[in-house]
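Participant: Hey, dropping run_22.txt in here, compact mmCIF, C-alpha atoms:
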# COMPACT_ATOMS: atom_id res chain seq x y z
CA MET A 609 -14.10 -2.27 73.68
CA LEU A 610 -11.29 0.09 72.60
CA GLU A 611 -11.21 1.91 75.93
CA THR A 612 -10.03 -1.22 77.75
CA VAL A 613 -7.57 -2.13 74.99
CA LEU A 614 -6.03 1.34 74.83
CA LEU A 615 -5.58 1.42 78.60
CA LYS A 616 -3.52 -1.77 78.36
CA PHE A 617 -1.27 0.10 75.94
CA GLY A 618 -1.00 3.01 78.36
CA LEU A 619 -3.41 5.30 76.49
CA ASP A 620 -6.53 6.97 77.91
CA ILE A 621 -9.27 7.00 75.27
CA SER A 622 -10.53 10.35 76.58
CA ASP A 623 -7.20 11.82 75.50
CA CYS A 624 -7.21 10.14 72.07
CA LEU A 625 -8.72 10.77 68.66
CA VAL A 626 -9.74 7.37 67.28
CA LEU A 627 -10.55 6.91 63.58
CA PRO A 628 -11.15 3.68 61.65
CA VAL A 629 -8.79 3.43 58.68
CA GLY A 630 -8.02 1.23 55.70
CA ASN A 631 -10.04 -1.02 53.43
CA GLY A 632 -8.34 -4.28 54.33
CA LEU A 633 -10.51 -7.38 54.41
CA ILE A 634 -8.67 -9.16 57.21
CA ASN A 635 -7.75 -7.15 60.30
CA GLN A 636 -9.68 -4.27 61.87
CA THR A 637 -7.60 -1.09 62.02
CA TRP A 638 -7.79 2.32 63.70
CA LYS A 639 -5.56 5.40 63.66
CA ILE A 640 -4.96 6.74 67.17
CA SER A 641 -3.85 10.34 67.73
CA HIS A 642 -2.55 10.92 71.25
CA ARG A 643 -0.98 14.27 72.05
CA ASN A 644 1.99 14.61 69.71
CA ARG A 645 2.10 10.97 68.63
CA GLU A 646 0.13 8.87 66.17
CA TYR A 647 -0.38 5.13 66.23
CA ILE A 648 -2.05 2.34 64.31
CA LEU A 649 -4.13 -0.04 66.43
CA GLN A 650 -5.08 -3.41 64.96
CA LYS A 651 -7.36 -6.22 65.98
CA VAL A 652 -6.03 -9.48 64.55
CA ASN A 653 -8.55 -11.58 62.64
CA THR A 654 -8.25 -14.88 64.48
CA ASP A 655 -10.50 -16.62 61.95
CA VAL A 656 -7.67 -16.22 59.46
CA PHE A 657 -4.70 -16.17 61.84
CA LYS A 658 -5.54 -18.91 64.31
CA GLU A 659 -2.51 -18.26 66.53
CA PRO A 660 -1.77 -14.52 66.75
CA ASN A 661 0.97 -15.20 69.28
CA VAL A 662 2.88 -16.98 66.50
CA ILE A 663 2.78 -13.81 64.38
CA ASP A 664 3.90 -11.81 67.40
CA GLU A 665 6.84 -14.13 68.01
CA ASN A 666 7.89 -13.97 64.34
CA LEU A 667 7.81 -10.18 64.25
CA ASN A 668 9.81 -9.84 67.44
CA LYS A 669 12.49 -12.17 66.06
CA LEU A 670 12.71 -10.19 62.84
CA LYS A 671 12.73 -6.88 64.69
CA SER A 672 15.63 -8.02 66.86
CA PHE A 673 17.62 -9.14 63.79
CA LEU A 674 16.99 -5.94 61.84
CA GLU A 675 17.77 -3.69 64.81
CA GLN A 676 21.10 -5.47 65.19
CA HIS A 677 22.11 -5.58 61.52
CA PHE A 678 20.10 -2.86 59.72
CA PRO A 679 19.01 -0.34 62.37
CA ASP A 680 18.10 2.32 59.79
CA TYR A 681 15.46 0.16 58.08
CA ILE A 682 11.85 1.14 58.83
CA PHE A 683 10.42 -2.05 60.27
CA VAL A 684 6.84 -1.42 61.36
CA ALA A 685 6.72 -3.83 64.29
CA PRO A 686 4.31 -3.84 67.25
CA LEU A 687 5.22 -1.63 70.19
CA LYS A 688 5.55 -2.91 73.74
CA SER A 689 2.77 -2.19 76.22
CA PRO A 690 3.66 -0.97 79.73
CA SER A 691 3.57 -4.65 80.77
CA GLY A 692 6.22 -5.45 78.15
CA HIS A 693 3.92 -7.31 75.75
CA THR A 694 3.59 -6.58 72.04
CA LEU A 695 0.32 -8.52 71.78
CA ILE A 696 -2.60 -7.90 74.10
CA GLU A 697 -5.24 -10.64 74.21
CA THR A 698 -8.63 -9.74 75.71
CA GLU A 699 -12.14 -11.15 75.61
CA GLU A 700 -12.73 -8.94 72.56
CA GLY A 701 -9.75 -10.34 70.68
CA ALA A 702 -6.02 -9.94 70.06
CA PHE A 703 -4.63 -6.43 69.59
CA ARG A 704 -1.32 -4.75 68.83
CA ILE A 705 -0.27 -1.15 68.30
CA PHE A 706 2.29 0.34 65.92
CA ASP A 707 3.87 3.71 65.37
CA PHE A 708 2.24 5.55 62.47
CA VAL A 709 4.90 6.33 59.85
CA LYS A 710 4.63 10.08 59.34
CA ASN A 711 4.36 11.57 55.86
CA SER A 712 3.65 8.16 54.36
CA ILE A 713 0.90 7.13 51.98
CA THR A 714 -0.46 3.87 50.61
CA LEU A 715 -1.83 3.07 47.15
CA ASN A 716 -4.67 0.72 46.28
CA THR A 717 -3.50 -0.04 42.74
CA ALA A 718 -0.31 0.29 40.71
CA GLU A 719 -1.29 3.13 38.40
CA ASP A 720 2.03 3.43 36.58
CA ALA A 721 5.20 1.46 36.06
CA GLN A 722 7.25 3.62 38.42
CA GLN A 723 4.94 2.71 41.29
CA ALA A 724 5.32 -0.96 40.39
CA TYR A 725 9.10 -0.53 40.36
CA GLU A 726 9.16 1.11 43.78
CA ALA A 727 6.91 -1.56 45.29
CA ALA A 728 8.96 -4.41 43.82
CA LYS A 729 12.14 -2.78 45.07
CA GLN A 730 10.75 -2.60 48.61
CA PHE A 731 9.68 -6.24 48.67
CA GLY A 732 13.07 -7.20 47.27
CA LYS A 733 14.85 -5.07 49.86
CA PHE A 734 12.85 -6.71 52.65
CA SER A 735 13.97 -10.20 51.60
CA ARG A 736 17.53 -9.04 50.94
CA LEU A 737 17.96 -7.56 54.39
CA LEU A 738 16.62 -10.78 55.89
CA SER A 739 18.65 -13.10 53.67
CA GLY A 740 21.02 -13.70 56.59
CA PHE A 741 18.16 -14.64 58.91
CA ASP A 742 17.41 -18.35 59.37
CA ALA A 743 13.94 -18.59 57.81
CA SER A 744 13.36 -22.01 59.36
CA THR A 745 13.10 -20.37 62.80
CA LEU A 746 9.90 -18.57 61.77
CA HIS A 747 6.49 -20.13 62.29
CA PRO A 748 4.09 -20.53 59.35
CA THR A 749 1.30 -18.07 60.21
CA ILE A 750 -1.07 -19.58 57.64
CA PRO A 751 0.04 -23.19 57.10
CA ASP A 752 0.13 -24.22 53.41
CA PHE A 753 -0.81 -20.70 52.31
CA HIS A 754 0.97 -21.01 48.94
CA ASN A 755 1.10 -24.80 48.75
CA LEU A 756 0.03 -25.40 45.15
CA GLN A 757 0.04 -29.16 45.62
CA LEU A 758 -2.55 -28.85 48.39
CA ARG A 759 -4.64 -26.36 46.40
CA TYR A 760 -4.70 -28.69 43.40
CA ASN A 761 -5.66 -31.66 45.57
CA GLN A 762 -8.51 -29.58 47.02
CA PHE A 763 -9.63 -28.82 43.48
CA LYS A 764 -9.67 -32.52 42.57
CA THR A 765 -11.69 -33.30 45.70
CA ALA A 766 -14.17 -30.56 44.82
CA LEU A 767 -14.65 -32.11 41.38
CA GLU A 768 -15.82 -35.32 43.05
CA SER A 769 -18.43 -33.64 45.25
CA ALA A 770 -19.66 -30.72 43.12
CA ASN A 771 -23.24 -30.71 41.91
CA ALA A 772 -23.96 -31.42 38.26
CA GLU A 773 -25.06 -27.88 37.40
CA ARG A 774 -21.88 -26.27 38.69
CA LEU A 775 -19.72 -28.89 37.01
CA LYS A 776 -21.47 -28.12 33.72
CA ASN A 777 -21.11 -24.35 34.13
CA ALA A 778 -17.41 -24.73 34.99
CA ALA A 779 -16.53 -27.32 32.34
CA GLU A 780 -14.40 -24.96 30.25
CA ALA A 781 -12.55 -23.58 33.28
CA ILE A 782 -11.96 -27.10 34.63
CA GLU A 783 -10.42 -28.14 31.33
CA ALA A 784 -8.16 -25.08 31.31
CA ILE A 785 -6.89 -25.84 34.82
CA GLU A 786 -6.19 -29.45 33.97
CA GLN A 787 -4.33 -28.48 30.80
CA GLN A 788 -1.94 -26.30 32.82
CA GLN A 789 -0.74 -29.05 35.18
CA TYR A 790 2.86 -28.48 34.08
CA ILE A 791 2.81 -25.46 36.43
CA LEU A 792 2.02 -27.82 39.30
CA GLN A 793 4.73 -30.24 38.17
CA LYS A 794 7.41 -27.55 38.29
CA TYR A 795 6.29 -26.66 41.82
CA LEU A 796 6.60 -30.34 42.79
CA ASP A 797 10.15 -30.26 41.41
CA ILE A 798 10.87 -27.35 43.75
CA LEU A 799 9.42 -29.24 46.73
CA SER A 800 11.50 -32.32 45.93
CA GLN A 801 14.58 -30.13 45.43
CA LYS A 802 15.02 -31.29 41.85
CA LEU A 803 15.16 -27.53 41.43
CA GLU A 804 17.43 -25.85 43.96
CA VAL A 805 15.19 -23.20 45.49
CA PRO A 806 15.92 -22.38 49.15
CA LEU A 807 13.41 -21.26 51.75
CA ARG A 808 13.67 -17.54 52.45
CA VAL A 809 11.91 -14.95 54.59
CA ILE A 810 9.04 -14.04 52.26
CA HIS A 811 6.20 -11.53 52.66
CA HIS A 812 3.59 -13.62 50.77
CA ASP A 813 1.14 -10.72 50.18
CA THR A 814 2.80 -8.27 47.83
CA LYS A 815 -0.14 -6.16 46.69
CA ILE A 816 0.90 -2.55 46.35
CA SER A 817 -1.23 -1.45 49.33
CA ASN A 818 1.29 -3.27 51.52
CA VAL A 819 4.01 -0.74 50.67
CA LEU A 820 4.42 2.66 52.29
CA PHE A 821 5.43 5.48 49.93
CA ASP A 822 6.71 8.93 50.76
CA GLN A 823 5.10 12.11 49.44
CA ASN A 824 7.36 11.99 46.36
CA GLY A 825 6.33 8.48 45.37
CA LYS A 826 9.45 6.73 46.66
CA GLY A 827 9.02 3.46 48.50
CA LEU A 828 9.76 3.53 52.23
CA CYS A 829 9.11 0.02 53.53
CA VAL A 830 6.66 -2.87 53.47
CA ILE A 831 3.83 -3.29 55.96
CA ASP A 832 1.13 -5.82 56.95
CA LEU A 833 3.66 -8.41 58.03
CA ASP A 834 1.30 -11.09 59.35
CA THR A 835 1.99 -13.38 56.37
CA VAL A 836 5.78 -13.11 56.68
CA MET A 837 7.05 -16.67 57.04
CA PRO A 838 9.34 -19.18 55.34
CA GLY A 839 8.61 -19.53 51.65
CA TYR A 840 9.96 -19.46 48.12
CA TYR A 841 10.73 -16.15 46.48
CA ILE A 842 8.38 -16.99 43.59
CA SER A 843 5.48 -16.28 45.96
CA ASP A 844 6.36 -12.61 46.30
CA VAL A 845 7.27 -12.05 42.67
CA GLY A 846 4.27 -14.02 41.43
CA ASP A 847 1.84 -12.07 43.57
CA MET A 848 3.17 -8.83 42.15
CA MET A 849 2.71 -10.18 38.62
CA ARG A 850 -0.86 -11.17 39.41
CA SER A 851 -1.65 -7.85 41.09
CA TYR A 852 0.15 -5.30 38.91
CA LEU A 853 0.26 -6.57 35.32
CA SER A 854 -3.37 -6.36 34.23
CA PRO A 855 -5.14 -3.01 33.93
CA VAL A 856 -8.27 -4.61 35.46
CA SER A 857 -8.65 -6.51 38.72
CA GLU A 858 -9.64 -10.11 39.41
CA GLU A 859 -13.24 -8.87 39.81
CA SER A 860 -13.58 -7.78 36.19
CA THR A 861 -15.86 -9.80 33.92
CA ASP A 862 -14.78 -7.83 30.84
CA PHE A 863 -12.20 -10.44 29.96
CA ASP A 864 -11.17 -8.61 26.79
CA GLN A 865 -9.68 -5.91 29.02
CA ILE A 866 -7.33 -8.39 30.70
CA ALA A 867 -3.81 -7.89 29.40
CA VAL A 868 -0.16 -8.12 30.36
CA ARG A 869 1.41 -4.69 30.51
CA LYS A 870 5.00 -5.48 29.59
CA VAL A 871 6.30 -2.17 30.91
CA PHE A 872 4.92 -3.17 34.32
CA PHE A 873 6.59 -6.57 34.05
CA MET A 874 9.94 -4.92 33.44
CA ALA A 875 9.33 -2.52 36.31
CA ILE A 876 8.74 -5.46 38.66
CA TYR A 877 11.82 -7.23 37.33
CA LYS A 878 14.12 -4.24 37.60
CA GLY A 879 12.81 -3.17 41.00
CA TYR A 880 13.02 -6.59 42.59
CA MET A 881 16.34 -7.53 41.02
CA SER A 882 17.92 -4.23 41.98
CA GLU A 883 17.82 -5.66 45.51
CA MET A 884 17.90 -9.43 45.03
CA ALA A 885 20.13 -10.10 42.01
CA ASP A 886 23.13 -10.84 44.25
CA ILE A 887 21.04 -12.99 46.60
CA LEU A 888 19.12 -15.34 44.30
CA ASN A 889 20.86 -18.39 42.88
CA ALA A 890 20.87 -19.23 39.16
CA THR A 891 17.91 -21.60 39.44
CA GLU A 892 15.81 -18.98 41.22
CA LYS A 893 16.61 -16.40 38.55
CA ASP A 894 15.51 -18.86 35.86
CA LEU A 895 12.14 -19.15 37.63
CA PHE A 896 11.36 -15.43 37.57
CA ILE A 897 8.78 -15.67 34.77
CA TYR A 898 7.45 -18.94 36.16
CA ALA A 899 6.67 -17.10 39.39
CA GLY A 900 3.81 -15.29 37.65
CA GLN A 901 2.39 -18.53 36.30
CA PHE A 902 2.65 -20.13 39.72
CA ILE A 903 0.57 -17.56 41.60
CA ILE A 904 -1.94 -16.78 38.85
CA TYR A 905 -2.60 -20.49 38.32
CA MET A 906 -2.95 -21.12 42.05
CA GLN A 907 -5.45 -18.29 42.43
CA ALA A 908 -7.48 -19.57 39.49
CA VAL A 909 -7.51 -23.01 41.12
CA ARG A 910 -8.64 -21.55 44.44
CA PHE A 911 -11.49 -19.52 42.93
CA LEU A 912 -12.68 -22.46 40.87
CA THR A 913 -12.49 -24.82 43.84
CA ASP A 914 -14.61 -22.44 45.89
CA TYR A 915 -17.21 -22.23 43.14
CA LEU A 916 -17.40 -26.03 42.99
CA ASN A 917 -17.70 -26.09 46.80
CA ASN A 918 -20.68 -23.67 46.71
CA ASP A 919 -18.66 -20.58 47.68
CA VAL A 920 -17.89 -21.61 51.24
CA TYR A 921 -14.49 -19.87 51.46
CA TYR A 922 -14.51 -16.57 49.55
CA GLY A 923 -18.25 -16.08 49.55
CA ALA A 924 -20.04 -14.68 46.49
CA ARG A 925 -22.10 -11.61 45.65
CA TYR A 926 -23.87 -13.52 42.87
CA GLU A 927 -24.12 -17.16 41.82
CA THR A 928 -21.20 -17.33 39.41
CA HIS A 929 -18.96 -14.83 41.20
CA ASN A 930 -16.12 -17.26 41.96
CA LEU A 931 -16.44 -18.92 38.58
CA ASP A 932 -16.04 -15.49 36.95
CA ARG A 933 -13.03 -14.80 39.16
CA ALA A 934 -11.51 -18.11 38.07
CA LYS A 935 -12.15 -17.32 34.41
CA ASN A 936 -10.54 -13.93 34.92
CA GLN A 937 -7.38 -15.51 36.31
CA ILE A 938 -7.34 -18.21 33.64
CA ARG A 939 -7.48 -15.50 30.98
CA LEU A 940 -4.65 -13.60 32.69
CA LEU A 941 -2.60 -16.80 32.82
CA GLU A 942 -3.20 -17.40 29.11
CA GLU A 943 -2.16 -13.84 28.26
CA TYR A 944 0.91 -14.09 30.47
CA THR A 945 1.99 -17.44 29.02
CA GLU A 946 1.42 -16.22 25.48
CA HIS A 947 3.89 -13.39 26.07
CA GLY A 948 6.46 -15.67 27.71
CA LYS A 949 9.01 -15.53 24.89
CA ASP A 950 8.82 -11.74 24.76
CA LEU A 951 9.31 -11.51 28.51
CA HIS A 952 12.35 -13.81 28.35
CA LEU A 953 13.82 -11.67 25.55
CA MET A 954 13.27 -8.49 27.54
CA ILE A 955 15.14 -9.96 30.50
CA GLU A 956 17.99 -11.15 28.28
CA GLN A 957 18.37 -7.69 26.77
CA ILE A 958 19.02 -6.17 30.19
CA GLY A 959 22.19 -8.22 30.53
CA ASP A 960 24.04 -8.52 33.84
CA LEU A 961 21.40 -8.59 36.56
CA THR A 962 23.80 -7.34 39.20
CA ASN A 963 24.13 -4.01 37.38
CA ILE A 964 20.46 -3.06 37.50
CA SER A 965 19.80 0.35 38.97
Before anything else, please render the file you have as C-alpha cells.
Facilitator:
Amino acid sequence: MLETVLLKFGLDISDCLVLPVGNGLINQTWKISHRNREYILQKVNTDVFKEPNVIDENLNKLKSFLEQHFPDYIFVAPLKSPSGHTLIETEEGAFRIFDFVKNSITLNTAEDAQQAYEAAKQFGKFSRLLSGFDASTLHPTIPDFHNLQLRYNQFKTALESANAERLKNAAEAIEAIEQQQYILQKYLDILSQKLEVPLRVIHHDTKISNVLFDQNGKGLCVIDLDTVMPGYYISDVGDMMRSYLSPVSEESTDFDQIAVRKVFFMAIYKGYMSEMADILNATEKDLFIYAGQFIIYMQAVRFLTDYLNNDVYYGARYETHNLDRAKNQIRLLEEYTEHGKDLHLMIEQIGDLTNIS
C-alpha cells in the first residue's frame, strides 16, 4: 500500500525508512526518513472525516494566510506532491505528507503547570495569528462537533429508547446531567447572540499531545489540524480544562482522585491570555471559567448517551465503561463548579489581562 502512495509523493520506498508512529486513535501515521529529510505520512480516517478534501482546502487557505502575514510561524501543513496536490486519494484511502519538525517532541499528558502554560500559549497564539482570517470561509470538518444543543437532544432521545436495566444503572448520572441544564442554557444564549461571542478559527482538540515542544520544554506550534474550523473560543479553553486539570484521566474509576489543580488552571489562563487578551471581547473573557463547564458537561453527556445507546459510538471494554466515563466527567464537573468562586478570585487578582507575561 505505502509503496504506491509514496511514489505519488515522489518518494521511492526502497530508499526510505518507514516507521509507524504515534498513539492517536484517529489517523494512521508513519515517519518517513528519506536521505537527509524526514516526513510524516498520514492516512486520513474517512470514517471520522467524511470529506478529507474539505480538510485539505481549509489547511491550504490557512497556510496561504499565514505565509502572507506571519511567515515565521511553524504551520505544519501538507506538502505538495509532484502533481501539485496536497491530498492524494487512492483505493487504499486519502493520504498527505508533512515535513517532520526537527528537534521537536510531543507529550501525552500535562505533567506540570509549566507544560500546561506552554500548551495554552500555543493554542492561544494559533487563534491570535488567525484572528484576521475570515473564519466563515472555512468548512466544518466534523459538523456539529461541539454543538451542545445537539448533544443534549441526542441524550434525551437515548433516554426514550434505552433499556430498563441501563436506565436504572444510570439513574444517578442522568439526574446529575439534568440538574446542570443551566450550562446548556448559556450555550443557547451564545447561539442566539444574547451573549456576544464571535466565531473564530478554533483548533477544537487541545489535548497537550497536539502541541510540539522543543528540547527545552518551550512550545513551538500546534499540530493535528484536521478539526480546525469555525467555532467559539470556549471550545479550545474548555478542552484544555478537561484535559489538564485533573491528575487522573477520563478512564479512571477512582473518582476520589479526581480533582481540580488550581495551579494548572492558572497556567492555562495565563498562557492562553498572554496571546488572546487583546483579541477576546469582554463577554468572551467573562466566559473563561464557563468554558471548562461547557466542555466537561458536553463530554459527560456524550459518554452517558453512548452508554444508553449500548455503546455504539465509543465502544466499551466492559459493560459499564461509558457509564463510568460519564461518572468521571460528572465528578470533574462538580469539582470544577465547586471551586468556581476561587477561580474567579484568582483571575481577579491578576488584574489587567493585557499585561500577562
Participant: Tell me which protein, DNA and RNA residues are within 12 Å of stretch 903-906 of chain A, counting all atoms listed in the file, leaving out same-chain ones fewer than 6 positions away, and put them as a VMD selection string.
Facilitator: chain A and resid 753 to 763 781 784 to 792 795 812 to 814 840 to 854 858 896 to 897 912 to 913 933 to 945
Participant: Using all atoms listed in the file, which residues sit within 7 Å of A:Val871 once same-chain residues fewer than 3 positions away are excluded, as an NGL selection string?
Facilitator: :A and (721 or 874-875)
Participant: Pick out the closest residue to A:Ala899 from this set: A:Arg645, A:Lys639, A:Lys688, A:Lys794. Count only C-alpha atoms.
Facilitator: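 Closest to A:Ala899 of all the choices is A:Lys794.
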Participant: Excluding A:Ile682 and its own-chain neighbours fewer than 3 positions away, which residues fall within 12 Å of it when counting all atoms listed in the file? Please give them as a PyMOL selection string.
Facilitator: chain A and resi 671+674-675+678-679+685+706-710+712+730+733-734+737+819-821+827-831
Participant: Counting all atoms listed in the file, which residue out of A:Asp822, A:Glu665, A:Asp894, A:Asp742 sits closest to A:Ile810?
Facilitator: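 Residue with the minimum atom-to-atom distance to A:Ile810: A:Asp742.
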Participant: Go through A:Ser882, A:Asn666, A:Gln636, A:Gln957 and flag the residue nearest A:Ser744, using all atoms listed in the file for the distances.
Facilitator: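 Among the listed residues, the smallest separation from A:Ser744 belongs to A:Asn666.
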Participant: Pick the closest to A:Leu951 from A:Lys616, A:His929, A:Lys764, A:Arg869: which is it, counting all atoms listed in the file?
Facilitator: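 With all atoms listed in the file as the atom set, the closest residue is A:Arg869.
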Participant: Would you mind putting N, CA and C atoms back on stretch 695-713 of chain A and writing the result as a CSV table (one decimal), keeping the file's coordinate frame?
Facilitator:
chain,number,residue,atom,x,y,z
A,695,LEU,N,1.6,-8.0,72.2
A,695,LEU,CA,0.3,-8.5,71.8
A,695,LEU,C,-0.5,-8.6,73.0
A,696,ILE,N,-1.7,-7.9,73.0
A,696,ILE,CA,-2.6,-7.9,74.1
A,696,ILE,C,-3.8,-8.7,73.7
A,697,GLU,N,-4.1,-9.8,74.5
A,697,GLU,CA,-5.2,-10.6,74.2
A,697,GLU,C,-6.3,-10.4,75.3
A,698,THR,N,-7.5,-10.0,74.8
A,698,THR,CA,-8.6,-9.7,75.7
A,698,THR,C,-9.8,-10.6,75.3
A,699,GLU,N,-10.9,-10.4,76.0
A,699,GLU,CA,-12.1,-11.2,75.6
A,699,GLU,C,-12.6,-10.7,74.2
A,700,GLU,N,-12.3,-9.5,73.9
A,700,GLU,CA,-12.7,-8.9,72.6
A,700,GLU,C,-11.8,-9.4,71.4
A,701,GLY,N,-10.6,-9.9,71.7
A,701,GLY,CA,-9.8,-10.3,70.7
A,701,GLY,C,-8.3,-10.0,71.0
A,702,ALA,N,-7.5,-10.2,69.9
A,702,ALA,CA,-6.0,-9.9,70.1
A,702,ALA,C,-5.7,-8.6,69.4
A,703,PHE,N,-4.9,-7.8,70.1
A,703,PHE,CA,-4.6,-6.4,69.6
A,703,PHE,C,-3.1,-6.1,69.7
A,704,ARG,N,-2.7,-5.3,68.8
A,704,ARG,CA,-1.3,-4.8,68.8
A,704,ARG,C,-1.3,-3.3,68.3
A,705,ILE,N,-0.3,-2.6,68.7
A,705,ILE,CA,-0.3,-1.2,68.3
A,705,ILE,C,1.1,-0.9,67.7
A,706,PHE,N,1.1,0.0,66.7
A,706,PHE,CA,2.3,0.3,65.9
A,706,PHE,C,2.4,1.9,65.9
A,707,ASP,N,3.7,2.3,65.7
A,707,ASP,CA,3.9,3.7,65.4
A,707,ASP,C,3.3,4.0,64.0
A,708,PHE,N,2.7,5.1,63.8
A,708,PHE,CA,2.2,5.6,62.5
A,708,PHE,C,3.4,6.2,61.8
A,709,VAL,N,3.8,5.8,60.6
A,709,VAL,CA,4.9,6.3,59.8
A,709,VAL,C,4.5,7.7,59.2
A,710,LYS,N,5.0,8.7,59.8
A,710,LYS,CA,4.6,10.1,59.3
A,710,LYS,C,5.0,10.3,57.9
A,711,ASN,N,4.2,11.2,57.3
A,711,ASN,CA,4.4,11.6,55.9
A,711,ASN,C,4.4,10.4,54.9
A,712,SER,N,3.7,9.3,55.2
A,712,SER,CA,3.6,8.2,54.4
A,712,SER,C,2.3,8.0,53.8
A,713,ILE,N,2.2,7.4,52.6
A,713,ILE,CA,0.9,7.1,52.0
A,713,ILE,C,0.9,5.7,51.5
